[in-house]
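S.K.: Provided below: protein_0.cif, containing mmCIF, C-alpha atoms.
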```
data_final
#
loop_
_atom_site.label_atom_id
_atom_site.label_comp_id
_atom_site.auth_asym_id
_atom_site.auth_seq_id
_atom_site.Cartn_x
_atom_site.Cartn_y
_atom_site.Cartn_z
CA MET T 1178 0.00 0.00 0.00
CA ARG T 1179 1.28 3.47 -0.88
CA PHE T 1180 0.61 6.37 1.44
CA ILE T 1181 -1.60 9.00 -0.16
CA CYS T 1182 -0.14 12.25 1.09
CA ARG T 1183 -0.64 15.80 -0.03
CA PRO T 1184 1.15 16.25 -3.39
CA PRO T 1185 4.62 17.82 -3.04
CA GLY T 1186 5.74 20.97 -4.85
CA LYS T 1187 6.30 21.16 -8.59
CA LYS T 1188 10.01 20.36 -8.51
CA SER T 1189 9.40 17.29 -6.36
CA GLN T 1190 6.55 16.17 -8.59
CA ALA T 1191 8.81 16.40 -11.64
CA VAL T 1192 11.45 14.15 -10.02
CA ILE T 1193 8.79 11.61 -8.98
CA ARG T 1194 7.51 11.42 -12.56
CA ARG T 1195 11.04 10.82 -13.87
CA ASP T 1196 11.68 8.25 -11.13
CA ARG T 1197 8.58 6.24 -12.05
CA ARG T 1198 9.75 5.99 -15.64
CA VAL T 1199 13.17 4.47 -14.91
CA MET T 1200 13.36 3.02 -11.37
CA SER T 1201 12.36 -0.46 -10.19
CA PRO T 1202 8.84 -0.56 -8.70
CA SER T 1203 10.16 -2.85 -5.94
CA LEU T 1204 11.39 0.14 -3.90
CA THR T 1205 9.25 0.99 -0.86
CA ARG T 1206 8.68 4.74 -1.05
CA GLU T 1207 6.20 5.50 1.72
CA TYR T 1208 5.29 9.07 0.86
CA SER T 1209 6.19 11.78 -1.61
CA PHE T 1210 9.29 13.31 -0.08
CA VAL T 1211 12.08 14.09 -2.57
CA TYR T 1212 15.49 14.65 -0.95
CA GLN T 1213 17.57 17.65 -1.99
CA LYS T 1214 20.04 18.31 0.85
CA ALA T 1215 20.51 17.77 4.59
CA LYS T 1216 22.43 19.05 7.59
CA GLY T 1217 22.45 17.79 11.16
CA CYS T 1218 18.93 16.67 12.10
CA HIS T 1219 17.18 18.37 9.18
CA VAL T 1220 16.56 17.55 5.52
CA TRP T 1221 15.17 19.70 2.70
CA ASP T 1222 13.03 18.62 -0.24
CA MET T 1223 13.37 19.73 -3.85
CA ASP T 1224 11.01 22.65 -3.24
CA GLY T 1225 13.08 23.99 -0.34
CA ARG T 1226 10.86 22.82 2.51
CA ARG T 1227 12.68 21.83 5.71
CA TYR T 1228 11.84 18.69 7.72
CA LEU T 1229 12.98 17.44 11.13
CA ASP T 1230 14.35 13.97 10.47
CA PHE T 1231 13.08 11.23 12.80
CA ALA T 1232 14.16 8.58 10.26
CA ALA T 1233 17.91 9.35 9.91
CA GLY T 1234 18.07 7.78 6.46
CA VAL T 1235 16.68 4.52 7.94
CA ALA T 1236 18.97 4.73 11.01
CA VAL T 1237 22.09 5.42 8.92
CA MET T 1238 22.83 9.05 9.80
CA GLY T 1239 23.60 8.51 13.46
CA ILE T 1240 26.12 11.36 13.63
CA GLY T 1241 23.85 13.66 11.64
CA HIS T 1242 23.66 14.55 7.97
CA THR T 1243 26.72 15.98 6.19
CA ASN T 1244 28.82 15.72 9.32
CA PRO T 1245 31.95 17.89 8.88
CA ALA T 1246 34.25 15.20 10.30
CA VAL T 1247 33.14 12.70 7.65
CA ILE T 1248 33.30 15.28 4.85
CA LYS T 1249 36.88 16.18 5.79
CA ALA T 1250 37.98 12.54 6.00
CA VAL T 1251 36.41 11.57 2.67
CA VAL T 1252 37.81 14.61 0.82
CA GLN T 1253 41.31 13.99 2.16
CA GLN T 1254 41.21 10.31 1.21
CA ALA T 1255 39.72 11.03 -2.23
CA LYS T 1256 42.89 12.90 -3.09
CA ARG T 1257 44.94 9.77 -2.32
CA GLY T 1258 42.72 7.08 -3.82
CA TYR T 1259 39.26 5.51 -3.72
CA HIS T 1260 39.77 1.79 -4.20
CA CYS T 1261 42.62 -0.59 -3.48
CA GLY T 1262 41.17 -4.07 -4.16
CA PHE T 1263 41.51 -4.97 -0.48
CA SER T 1264 40.66 -8.64 -0.92
CA ASP T 1265 43.77 -9.03 -3.12
CA PHE T 1266 46.13 -6.30 -1.89
CA TYR T 1267 47.04 -4.94 1.52
CA ALA T 1268 46.20 -1.41 2.67
CA GLU T 1269 46.70 0.39 5.97
CA LEU T 1270 43.41 2.33 6.15
CA PRO T 1271 41.02 -0.66 6.43
CA VAL T 1272 43.30 -2.13 9.11
CA ARG T 1273 43.19 1.14 11.04
CA PHE T 1274 39.39 1.21 10.78
CA VAL T 1275 39.07 -2.31 12.18
CA GLU T 1276 41.59 -1.61 14.93
CA GLN T 1277 39.49 1.38 16.00
CA LEU T 1278 36.21 -0.53 15.71
CA LEU T 1279 37.48 -3.32 17.95
CA THR T 1280 38.11 -0.82 20.77
CA PHE T 1281 34.30 -0.36 20.97
CA LEU T 1282 33.58 -4.09 21.16
CA PRO T 1283 33.90 -6.91 23.71
CA LYS T 1284 37.47 -8.22 23.85
CA HIS T 1285 36.63 -11.66 22.46
CA LEU T 1286 35.70 -10.09 19.12
CA ASN T 1287 39.12 -9.61 17.55
CA ALA T 1288 38.78 -10.29 13.80
CA ALA T 1289 36.69 -8.65 11.10
CA PHE T 1290 35.46 -9.13 7.55
CA LEU T 1291 34.59 -5.88 5.73
CA SER T 1292 31.76 -5.46 3.23
CA ASN T 1293 29.43 -2.77 1.90
CA SER T 1294 26.01 -3.18 3.50
CA GLY T 1295 23.90 -4.78 6.20
CA THR T 1296 22.78 -7.71 4.10
CA GLU T 1297 26.40 -8.42 3.11
CA SER T 1298 27.48 -8.39 6.75
CA ILE T 1299 24.74 -10.95 7.49
CA GLU T 1300 25.71 -13.09 4.48
CA ALA T 1301 29.26 -13.19 5.80
CA ALA T 1302 28.04 -14.18 9.28
CA TYR T 1303 25.79 -16.88 7.82
CA LYS T 1304 28.57 -18.40 5.71
CA LEU T 1305 31.09 -18.14 8.54
CA ALA T 1306 28.75 -19.91 10.99
CA ARG T 1307 28.22 -22.77 8.55
CA TRP T 1308 31.92 -23.01 7.73
CA HIS T 1309 33.12 -22.97 11.33
CA THR T 1310 30.58 -25.47 12.67
CA ASN T 1311 30.33 -27.57 9.49
CA ARG T 1312 26.58 -27.73 10.20
CA LYS T 1313 23.70 -27.08 7.84
CA TRP T 1314 20.74 -25.53 9.67
CA THR T 1315 20.30 -22.10 11.20
CA ILE T 1316 17.50 -20.73 13.37
CA ALA T 1317 16.04 -17.24 13.01
CA PHE T 1318 12.88 -15.62 14.33
CA LYS T 1319 9.47 -14.58 13.13
CA PRO T 1320 9.12 -11.66 12.76
CA SER T 1321 12.66 -10.68 11.85
CA PHE T 1322 14.57 -8.83 9.15
CA HIS T 1323 18.16 -9.59 8.18
CA GLY T 1324 18.35 -8.42 4.57
CA ARG T 1325 17.20 -9.30 1.07
CA THR T 1326 20.05 -11.22 -0.60
CA MET T 1327 19.36 -14.96 -0.65
CA GLY T 1328 21.21 -16.04 2.48
CA SER T 1329 19.95 -13.15 4.58
CA LEU T 1330 16.50 -13.39 2.98
CA SER T 1331 16.31 -17.01 4.09
CA LEU T 1332 16.70 -15.68 7.65
CA THR T 1333 14.26 -12.80 7.13
CA ASN T 1334 10.63 -13.48 8.03
CA SER T 1335 8.89 -10.14 8.43
CA LYS T 1336 6.56 -9.42 5.52
CA ARG T 1337 5.13 -11.83 2.97
CA VAL T 1338 6.14 -9.69 -0.01
CA GLN T 1339 9.81 -9.94 0.98
CA ARG T 1340 9.85 -13.73 0.56
CA GLU T 1341 7.04 -14.46 -1.87
CA ARG T 1342 8.14 -16.35 -5.04
CA PHE T 1343 11.83 -16.31 -4.05
CA GLY T 1344 12.02 -19.82 -2.59
CA PRO T 1345 13.43 -22.38 -2.17
CA PHE T 1346 15.44 -20.86 0.65
CA MET T 1347 18.54 -21.91 2.53
CA PRO T 1348 18.03 -24.42 5.40
CA VAL T 1349 16.56 -22.06 8.01
CA LYS T 1350 13.85 -22.67 10.62
CA HIS T 1351 11.96 -19.89 12.40
CA ALA T 1352 10.91 -19.63 16.03
CA PRO T 1353 8.55 -16.92 17.36
CA TYR T 1354 10.23 -13.66 18.44
CA PRO T 1355 9.15 -12.57 21.95
CA TYR T 1356 6.54 -9.90 21.21
CA CYS T 1357 5.17 -9.09 24.65
CA TYR T 1358 2.47 -6.65 23.51
CA ARG T 1359 0.93 -9.35 21.32
CA CYS T 1360 1.97 -12.38 23.36
CA PRO T 1361 0.08 -15.55 22.36
CA PHE T 1362 0.71 -17.12 25.76
CA GLY T 1363 -1.64 -14.94 27.81
CA THR T 1364 1.01 -12.76 29.44
CA SER T 1365 0.59 -9.74 27.16
CA GLY T 1366 2.58 -6.69 28.19
CA HIS T 1367 4.09 -8.25 31.32
CA GLY T 1368 7.23 -9.92 29.99
CA GLY T 1369 6.34 -13.22 31.66
CA CYS T 1370 6.41 -15.16 28.42
CA SER T 1371 10.11 -16.01 28.14
CA GLY T 1372 9.75 -19.64 29.19
CA GLN T 1373 7.20 -20.36 26.48
CA TYR T 1374 9.23 -18.61 23.80
CA LEU T 1375 12.40 -20.43 24.87
CA SER T 1376 10.54 -23.73 24.71
CA GLN T 1377 9.56 -23.01 21.10
CA LEU T 1378 13.14 -22.04 20.27
CA GLU T 1379 14.47 -25.25 21.80
CA SER T 1380 11.93 -27.29 19.84
CA ALA T 1381 13.17 -25.69 16.61
CA ILE T 1382 16.78 -26.46 17.54
CA LYS T 1383 15.97 -30.08 18.47
CA SER T 1384 14.12 -30.61 15.19
CA CYS T 1385 17.43 -30.13 13.37
CA ASN T 1386 18.87 -33.27 14.99
CA GLY T 1387 22.18 -31.82 16.15
CA ASP T 1388 22.86 -30.02 12.87
CA VAL T 1389 22.30 -26.37 13.94
CA ALA T 1390 25.12 -24.00 13.03
CA ALA T 1391 23.74 -20.79 14.56
CA VAL T 1392 20.86 -18.77 15.92
CA PHE T 1393 20.46 -15.34 14.28
CA PHE T 1394 18.91 -12.70 16.52
CA GLU T 1395 18.08 -8.99 16.48
CA PRO T 1396 18.40 -7.57 20.04
CA VAL T 1397 15.66 -5.14 19.01
CA ALA T 1398 13.51 -6.42 16.13
CA GLY T 1399 13.75 -3.49 13.71
CA GLU T 1400 11.60 -3.84 10.60
CA ALA T 1401 9.22 -6.01 12.62
CA GLY T 1402 8.15 -3.02 14.74
CA TYR T 1403 10.99 -2.03 17.09
CA ILE T 1404 10.13 -4.88 19.45
CA VAL T 1405 12.24 -5.21 22.62
CA PRO T 1406 12.52 -8.78 24.01
CA PRO T 1407 12.58 -9.66 27.74
CA LYS T 1408 16.07 -9.86 29.23
CA ASP T 1409 15.56 -13.36 30.59
CA PHE T 1410 14.66 -14.61 27.12
CA VAL T 1411 17.93 -13.34 25.67
CA LYS T 1412 19.92 -14.91 28.50
CA GLY T 1413 18.03 -18.17 28.03
CA MET T 1414 18.72 -18.10 24.29
CA ARG T 1415 22.45 -17.80 24.97
CA LYS T 1416 22.26 -20.83 27.29
CA LEU T 1417 20.46 -22.86 24.64
CA CYS T 1418 23.12 -21.98 22.08
CA ASP T 1419 25.82 -23.15 24.47
CA GLU T 1420 23.92 -26.34 25.29
CA TYR T 1421 23.42 -27.35 21.66
CA GLY T 1422 26.75 -26.08 20.31
CA ALA T 1423 25.22 -23.37 18.13
CA LEU T 1424 26.80 -19.98 17.52
CA LEU T 1425 24.84 -16.87 18.53
CA CYS T 1426 24.89 -14.39 15.65
CA ASP T 1427 23.94 -10.85 16.68
CA ASP T 1428 22.41 -8.61 14.00
CA GLU T 1429 23.37 -5.06 15.04
CA VAL T 1430 22.87 -3.56 11.57
CA GLN T 1431 20.13 -1.18 12.75
CA ALA T 1432 20.46 -1.36 16.54
CA GLY T 1433 24.24 -0.91 16.78
CA CYS T 1434 26.51 2.15 16.90
CA TYR T 1435 24.90 3.60 20.08
CA ARG T 1436 21.39 3.63 18.57
CA THR T 1437 20.09 2.11 21.83
CA GLY T 1438 22.50 4.00 24.10
CA LYS T 1439 25.11 1.23 24.13
CA PHE T 1440 27.44 0.52 21.23
CA LEU T 1441 25.92 -2.93 20.81
CA ALA T 1442 22.25 -3.31 21.72
CA LEU T 1443 23.01 -6.82 22.99
CA GLU T 1444 24.96 -5.21 25.86
CA HIS T 1445 21.62 -4.27 27.46
CA PHE T 1446 20.97 -7.96 28.09
CA GLY T 1447 24.30 -8.96 29.61
CA VAL T 1448 24.98 -11.47 26.83
CA LYS T 1449 27.87 -11.90 24.40
CA ALA T 1450 27.54 -13.06 20.80
CA ASP T 1451 29.88 -15.29 18.82
CA ILE T 1452 29.48 -13.30 15.58
CA VAL T 1453 28.32 -9.67 15.24
CA SER T 1454 27.12 -7.99 12.04
CA MET T 1455 27.10 -4.19 11.66
CA SER T 1456 26.43 -1.59 8.96
CA LYS T 1457 24.12 1.44 8.53
CA ALA T 1458 25.47 4.12 10.94
CA ILE T 1459 29.00 2.71 11.05
CA GLY T 1460 30.07 4.54 7.88
CA GLY T 1461 28.52 7.94 8.58
CA GLY T 1462 26.44 7.65 5.40
CA ILE T 1463 29.03 5.91 3.20
CA PRO T 1464 28.19 2.23 2.46
CA LEU T 1465 30.16 0.05 4.87
CA GLY T 1466 29.55 -3.28 6.58
CA ALA T 1467 31.54 -5.28 9.12
CA THR T 1468 31.25 -8.83 10.47
CA MET T 1469 33.20 -9.50 13.67
CA ALA T 1470 34.10 -12.70 15.51
CA ASN T 1471 36.83 -14.26 17.56
CA ARG T 1472 39.78 -15.36 15.44
CA LYS T 1473 39.14 -18.98 16.50
CA VAL T 1474 35.66 -18.71 14.95
CA MET T 1475 36.78 -16.75 11.88
CA ASP T 1476 38.90 -19.69 10.75
CA TRP T 1477 37.90 -20.02 7.10
CA PRO T 1478 40.70 -20.33 4.52
CA PRO T 1479 41.72 -17.86 1.77
CA GLY T 1480 39.16 -17.76 -1.04
CA SER T 1481 36.26 -19.13 1.02
CA HIS T 1482 34.70 -15.66 1.22
CA ALA T 1483 35.78 -12.34 -0.31
CA ASN T 1484 34.44 -9.39 -2.27
CA THR T 1485 35.56 -6.59 -4.57
CA PHE T 1486 34.63 -3.44 -2.68
CA GLY T 1487 34.99 -4.48 0.98
CA GLY T 1488 37.61 -2.32 2.67
CA ASN T 1489 36.86 0.56 0.31
CA LEU T 1490 39.16 3.43 1.18
CA LEU T 1491 36.54 6.19 1.19
CA ALA T 1492 34.24 4.05 3.34
CA CYS T 1493 36.99 3.21 5.83
CA ALA T 1494 38.03 6.87 6.08
CA ALA T 1495 34.40 7.77 6.77
CA GLY T 1496 34.13 4.94 9.30
CA ILE T 1497 37.20 6.09 11.23
CA ALA T 1498 35.82 9.64 11.38
CA THR T 1499 32.37 8.37 12.39
CA LEU T 1500 33.63 6.22 15.27
CA GLY T 1501 35.87 9.03 16.48
CA TYR T 1502 32.99 11.50 16.44
CA MET T 1503 30.68 9.09 18.31
CA ARG T 1504 33.26 8.64 21.05
CA LYS T 1505 34.25 12.31 21.27
CA LYS T 1506 30.65 13.56 21.47
CA LYS T 1507 29.50 10.74 23.79
CA LEU T 1508 26.57 9.99 21.51
CA GLY T 1509 25.63 6.87 23.44
CA ARG T 1510 25.00 8.98 26.50
CA ASN T 1511 22.94 11.45 24.48
CA ALA T 1512 20.89 8.65 22.92
CA GLU T 1513 20.10 7.27 26.35
CA ARG T 1514 19.22 10.67 27.84
CA VAL T 1515 17.07 11.98 24.98
CA GLY T 1516 15.58 8.54 24.37
CA LYS T 1517 14.33 8.28 27.96
CA HIS T 1518 12.81 11.75 27.62
CA MET T 1519 11.02 10.77 24.42
CA LEU T 1520 9.73 7.52 25.92
CA ARG T 1521 8.31 9.42 28.91
CA ARG T 1522 6.44 11.82 26.64
CA LEU T 1523 5.19 9.02 24.41
CA GLY T 1524 4.07 7.13 27.50
CA VAL T 1525 1.86 10.08 28.45
CA MET T 1526 0.45 10.15 24.92
CA LYS T 1527 -0.26 6.43 25.14
CA GLU T 1528 -2.42 6.99 28.21
CA GLN T 1529 -4.17 9.92 26.57
CA TYR T 1530 -4.91 8.56 23.08
CA ASP T 1531 -6.73 5.29 22.48
CA ILE T 1532 -5.02 4.94 19.10
CA ILE T 1533 -1.57 4.32 20.65
CA GLY T 1534 -1.54 0.71 21.79
CA ASP T 1535 2.07 0.35 22.86
CA VAL T 1536 5.26 2.39 23.23
CA ARG T 1537 8.61 0.61 23.51
CA GLY T 1538 12.27 1.06 22.78
CA LEU T 1539 15.83 1.50 23.96
CA GLY T 1540 17.73 4.75 23.56
CA LEU T 1541 16.75 6.43 20.30
CA MET T 1542 15.27 3.26 18.82
CA ILE T 1543 11.62 3.84 19.69
CA GLY T 1544 8.43 2.29 18.36
CA ALA T 1545 4.81 3.39 18.81
CA GLU T 1546 2.26 0.76 17.80
CA ILE T 1547 -0.89 2.24 16.31
CA VAL T 1548 -4.19 0.40 16.88
CA LYS T 1549 -7.81 1.07 16.08
CA GLU T 1550 -8.52 0.90 19.82
CA LYS T 1551 -6.65 -0.37 22.86
CA LYS T 1552 -9.29 -2.87 23.91
CA THR T 1553 -9.15 -5.02 20.78
CA LYS T 1554 -5.55 -4.25 19.72
CA ARG T 1555 -6.66 -4.38 16.10
CA TYR T 1556 -3.86 -3.18 13.85
CA GLY T 1557 -4.32 0.48 12.87
CA VAL T 1558 -2.87 0.27 9.37
CA GLN T 1559 -4.95 3.05 7.83
CA GLU T 1560 -4.58 5.16 10.96
CA ARG T 1561 -0.80 4.86 10.81
CA GLN T 1562 -0.89 5.89 7.17
CA ARG T 1563 -2.81 9.04 7.99
CA ILE T 1564 -0.51 9.88 10.93
CA LEU T 1565 2.66 9.54 8.84
CA CYS T 1566 1.24 11.70 6.07
CA ALA T 1567 0.01 14.33 8.51
CA ALA T 1568 3.41 14.43 10.22
CA ALA T 1569 5.19 14.86 6.89
CA GLU T 1570 2.89 17.72 5.96
CA LYS T 1571 3.77 19.40 9.26
CA GLY T 1572 7.51 18.95 8.61
CA LEU T 1573 8.39 15.70 10.42
CA LEU T 1574 9.81 12.64 8.66
CA LEU T 1575 8.88 9.28 10.21
CA LEU T 1576 8.98 5.70 8.95
CA PRO T 1577 6.68 2.71 9.46
CA ALA T 1578 7.75 -0.61 10.94
CA GLY T 1579 5.91 -3.87 11.41
CA ILE T 1580 2.22 -4.10 10.55
CA SER T 1581 1.09 -0.84 12.15
CA SER T 1582 3.97 0.61 14.16
CA ILE T 1583 5.81 3.90 13.69
CA ARG T 1584 9.54 3.96 14.26
CA MET T 1585 11.43 6.93 15.65
CA CYS T 1586 15.17 6.78 15.01
CA PRO T 1587 16.47 10.37 14.76
CA PRO T 1588 20.18 11.19 14.47
CA LEU T 1589 21.96 10.54 17.77
CA ILE T 1590 23.00 14.20 17.92
CA ILE T 1591 19.38 15.31 18.45
CA THR T 1592 18.71 17.65 21.39
CA LYS T 1593 15.82 17.51 23.84
CA ALA T 1594 14.41 20.68 22.32
CA GLN T 1595 14.45 19.16 18.83
CA ALA T 1596 12.93 15.94 20.16
CA ASP T 1597 10.12 17.87 21.84
CA TYR T 1598 9.46 19.84 18.65
CA GLY T 1599 9.18 16.60 16.71
CA LEU T 1600 6.93 15.00 19.33
CA ASP T 1601 4.69 18.07 19.26
CA MET T 1602 4.20 17.52 15.52
CA PHE T 1603 3.62 13.82 16.12
CA GLU T 1604 0.99 14.52 18.78
CA ASP T 1605 -0.74 17.04 16.53
CA SER T 1606 -0.89 14.35 13.86
CA ILE T 1607 -2.34 11.86 16.38
CA ARG T 1608 -5.04 14.37 17.34
CA GLY T 1609 -5.97 14.78 13.70
CA VAL T 1610 -6.66 11.07 13.42
#
```
Now that the file is in, can you turn its structure into structure tokens?
M.R.:
Amino acid sequence: MRFICRPPGKKSQAVIRRDRRVMSPSLTREYSFVYQKAKGCHVWDMDGRRYLDFAAGVAVMGIGHTNPAVIKAVVQQAKRGYHCGFSDFYAELPVRFVEQLLTFLPKHLNAAFLSNSGTESIEAAYKLARWHTNRKWTIAFKPSFHGRTMGSLSLTNSKRVQRERFGPFMPVKHAPYPYCYRCPFGTSGHGGCSGQYLSQLESAIKSCNGDVAAVFFEPVAGEAGYIVPPKDFVKGMRKLCDEYGALLCDDEVQAGCYRTGKFLALEHFGVKADIVSMSKAIGGGIPLGATMANRKVMDWPPGSHANTFGGNLLACAAGIATLGYMRKKKLGRNAERVGKHMLRRLGVMKEQYDIIGDVRGLGLMIGAEIVKEKKTKRYGVQERQRILCAAAEKGLLLLPAGISSIRMCPPLIITKAQADYGLDMFEDSIRGV
């Protein structure tokens, strides 16, 4: 379904017409915003209208749009070279990027494979898990999103359209993701469902007859609706992986890089992963992916996995600048502080408006689930559509997630004042519906 928003200005309309003539219809444009430029927490459309960005380029622009530190690093590196063929030749810059990245991570993660995107970082994790364990099956969750290339798509189980007509898939089984607001076990909203969910996960593992390579897990289910699992479920999942000799693969593509207040979202649960996949915000807007593991796990031989553009020099320069800026500006602390403030305000709105069924999140990874009414919890798909369009018309960019949730993932540099301004526009949009 396409959102039917107020038509944009003439310049934006002209670009949309040209786009429809030449671009694949598979892209998921939600409303008629046409990007022209951006700075900090704001973006401008082709007709010069400014928007407060609560989408951050789908959680990519963590350090803000056109960050001067990234611009400087990319321009300096562009004068020296763009591409070195890192899978075949050595270069110092990708090594320096990984050395810096590892200082943000648990000590047991000490080796990296570089790629260009989130789905590539998951593909690398998937292949590595199967190589290292020499096992065939993997377990993922429903709902979940890990990417759209065939290995990662086999793990993905979020929306029907993402998988329809693309099978057969890789050997993957799905267990239910702990979704407390819509818990099927009668403990809705109380987090007392972990035992039942763990039982279903263990059943999926057992059904593979000792041939499970890994469990792939999002510490916050992103595309599925910004769902936060109970802490005891995550701890129990780690124990099951240990018991059955399966690797725990942590998908931090959207939740990582201080999005939740901690560098890895999994840190909130007191659990360590065997393999970690990252992308999105890690390159400051330049395509970059990284898959990390312990060197004993990353034991595949030369030629077993490689790529052409991984370790790209411009991307690694941007990544070094991005990580340095995150640390210098303490963006994890800001995400936690502003995120708590936003959750408090949204919690008040939830009590006030019957259309908001649930509010959840960690740091600046916040979801508001829209329903037709609280009593029935019926998905408010049309209502969400109207809210998103109304917000855009007021000057606030939001994105959907799940069946009827709205995600809020602004740049991590956002201030409380900017957050309040955006929430004012969101509440005005709620009132209109």
S.K.: List the neighbours of Thr1553 in chain T out to 12 Å using only C-alpha atoms; skip same-chain residues closer than 6 positions along the sequence, and give me the result as an MDAnalysis selection string.
M.R.: chainID T and resid 1359 1531:1532 1534 1547
S.K.: With the file shown as input, list the residues that the PyMOL selection byres ((chain T and resi 1258) around 12) selects, as a VMD selection string.
M.R.: chain T and resid 1251 to 1257 1259 to 1262 1268 1270 1489 to 1494
S.K.: Can I get the selected residues back with C-alpha atoms, as a PDB file, in the frame of the given file?
M.R.:
```
ATOM      1  CA  VAL T1251      36.410  11.570   2.670  1.00  0.00           C
ATOM      2  CA  VAL T1252      37.810  14.610   0.820  1.00  0.00           C
ATOM      3  CA  GLN T1253      41.310  13.990   2.160  1.00  0.00           C
ATOM      4  CA  GLN T1254      41.210  10.310   1.210  1.00  0.00           C
ATOM      5  CA  ALA T1255      39.720  11.030  -2.230  1.00  0.00           C
ATOM      6  CA  LYS T1256      42.890  12.900  -3.090  1.00  0.00           C
ATOM      7  CA  ARG T1257      44.940   9.770  -2.320  1.00  0.00           C
ATOM      8  CA  TYR T1259      39.260   5.510  -3.720  1.00  0.00           C
ATOM      9  CA  HIS T1260      39.770   1.790  -4.200  1.00  0.00           C
ATOM     10  CA  CYS T1261      42.620  -0.590  -3.480  1.00  0.00           C
ATOM     11  CA  GLY T1262      41.170  -4.070  -4.160  1.00  0.00           C
ATOM     12  CA  ALA T1268      46.200  -1.410   2.670  1.00  0.00           C
ATOM     13  CA  LEU T1270      43.410   2.330   6.150  1.00  0.00           C
ATOM     14  CA  ASN T1489      36.860   0.560   0.310  1.00  0.00           C
ATOM     15  CA  LEU T1490      39.160   3.430   1.180  1.00  0.00           C
ATOM     16  CA  LEU T1491      36.540   6.190   1.190  1.00  0.00           C
ATOM     17  CA  ALA T1492      34.240   4.050   3.340  1.00  0.00           C
ATOM     18  CA  CYS T1493      36.990   3.210   5.830  1.00  0.00           C
ATOM     19  CA  ALA T1494      38.030   6.870   6.080  1.00  0.00           C
TER      20      ALA T1494
END
```
S.K.: Lys1216 in chain T: which residues within 7 Å, counting all atoms listed in the file, same-chain residues fewer than 5 positions away excluded, as a list in words?
M.R.: Gly1241, His1242 and Thr1243 of chain T
S.K.: Considering all atoms listed in the file, can you say which of T:Ala1442, T:Cys1182, T:Leu1375, T:Ile1452 comes closest to Met1475 in chain T?
M.R.: T:Ile1452
S.K.: Report the distance between CA of Val1558 in chain T and CA of Ser1581 in chain T in Å, rounded to one decimal place.
M.R.: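 Taking CA of Val1558 in chain T as the start and CA of Ser1581 in chain T as the end point, the length is 5.0 Å.
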S.K.: Would you kindly return, as number ranges by chain, each protein, DNA or RNA residue with an atom no farther than 8 Å from any atom of Tyr1212 in chain T, considering all atoms listed in the file and excluding same-chain residues fewer than 5 positions away?
M.R.: T: 1220-1223
S.K.: Go through T:Pro1245, T:Gly1447, T:Pro1283, T:Pro1320 and flag the residue nearest Ala1578 in chain T, using only C-alpha atoms for the distances.
M.R.: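 Ranked by minimum distance to Ala1578 in chain T, first place goes to T:Pro1320.
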S.K.: Have a look at T:Glu1604, T:Asp1224, T:Glu1429, T:Glu1379 and name the one nearest to Ala1398 in chain T; count only C-alpha atoms.
M.R.: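 Selected residue with least distance to Ala1398 in chain T: T:Glu1429.
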S.K.: If I put a ball of radius 7 Å at (24.6, 9.6, 3.6) in the file's coordinates, which residues poke into it when counting all atoms listed in the file, written as a compact mmCIF listing (two decimals) with C-alpha atoms, in the frame of the given file?
M.R.:
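Contents of point36.txt, freshly written:
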```
# COMPACT_ATOMS: atom_id res chain seq x y z
CA MET T 1238 22.83 9.05 9.80
CA HIS T 1242 23.66 14.55 7.97
CA GLY T 1461 28.52 7.94 8.58
CA GLY T 1462 26.44 7.65 5.40
CA ILE T 1463 29.03 5.91 3.20
```
S.K.: Return as a count of residues only the set of residues that the PyMOL selection byres ((chain T and resi 1576) around 9) yields on the displayed structure.
M.R.: 14
S.K.: Give the answer as one residue: which of T:Gly1295, T:Pro1184, T:Gly1328, T:Gly1480 has the shortest atom-to-atom distance to Phe1346 in chain T, using all atoms listed in the file?
M.R.: T:Gly1328
S.K.: Hey, can you check how far CA of Arg1307 in chain T sits from CA of Asp1388 in chain T?
M.R.: 10.0 Å
S.K.: Step by step, work through what the PyMOL selection byres ((chain T and resi 1430) around 7) selects in the shown file, and finish by giving those residues as a list in words.
M.R.: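 Answer for the PyMOL selection byres ((chain T and resi 1430) around 7): Gly1295, Asp1428, Glu1429, Gln1431, Ala1432, Gly1433, Ser1454, Met1455, Ser1456 and Lys1457 of chain T.
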S.K.: Identify which of the residues T:Leu1424, T:Ser1384, T:Pro1407, T:Asp1196 lies closest to Arg1312 in chain T, counting all atoms listed in the file when measuring atom-to-atom distances.
M.R.: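 The answer is T:Leu1424, which sits nearest to Arg1312 in chain T.
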S.K.: Please identify all polymer residues within 6 Å of Leu1541 in chain T, counting all atoms listed in the file, omitting same-chain residues fewer than 5 positions from it, and present them as a list in words.
M.R.: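 The filter keeps Arg1436, Thr1437, Ala1512, Gly1516 and Cys1586 of chain T.
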S.K.: Every residue with an atom at most 7 Å from (38.0, -5.6, -6.3) (file coordinates; only C-alpha atoms) is what I'm after, so could you write them as a compact mmCIF listing (two decimals) with C-alpha atoms, in the frame of the given file?
M.R.:
```txt
# COMPACT_ATOMS: atom_id res chain seq x y z
CA GLY T 1262 41.17 -4.07 -4.16
CA PHE T 1263 41.51 -4.97 -0.48
CA SER T 1264 40.66 -8.64 -0.92
CA ASN T 1484 34.44 -9.39 -2.27
CA THR T 1485 35.56 -6.59 -4.57
CA PHE T 1486 34.63 -3.44 -2.68
```
S.K.: What does the structure give for the distance between CA of Arg1521 in chain T and CA of Asp1230 in chain T, in Å to one decimal?
M.R.: 19.9 Å
S.K.: Smallest atom-to-atom distance to Cys1370 in chain T: which of T:Leu1523, T:Val1411, T:Ala1401, T:Leu1500, using all atoms listed in the file?
M.R.: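 Going through T:Leu1523, T:Val1411, T:Ala1401, T:Leu1500 one by one, the smallest distance to Cys1370 in chain T is for T:Val1411.
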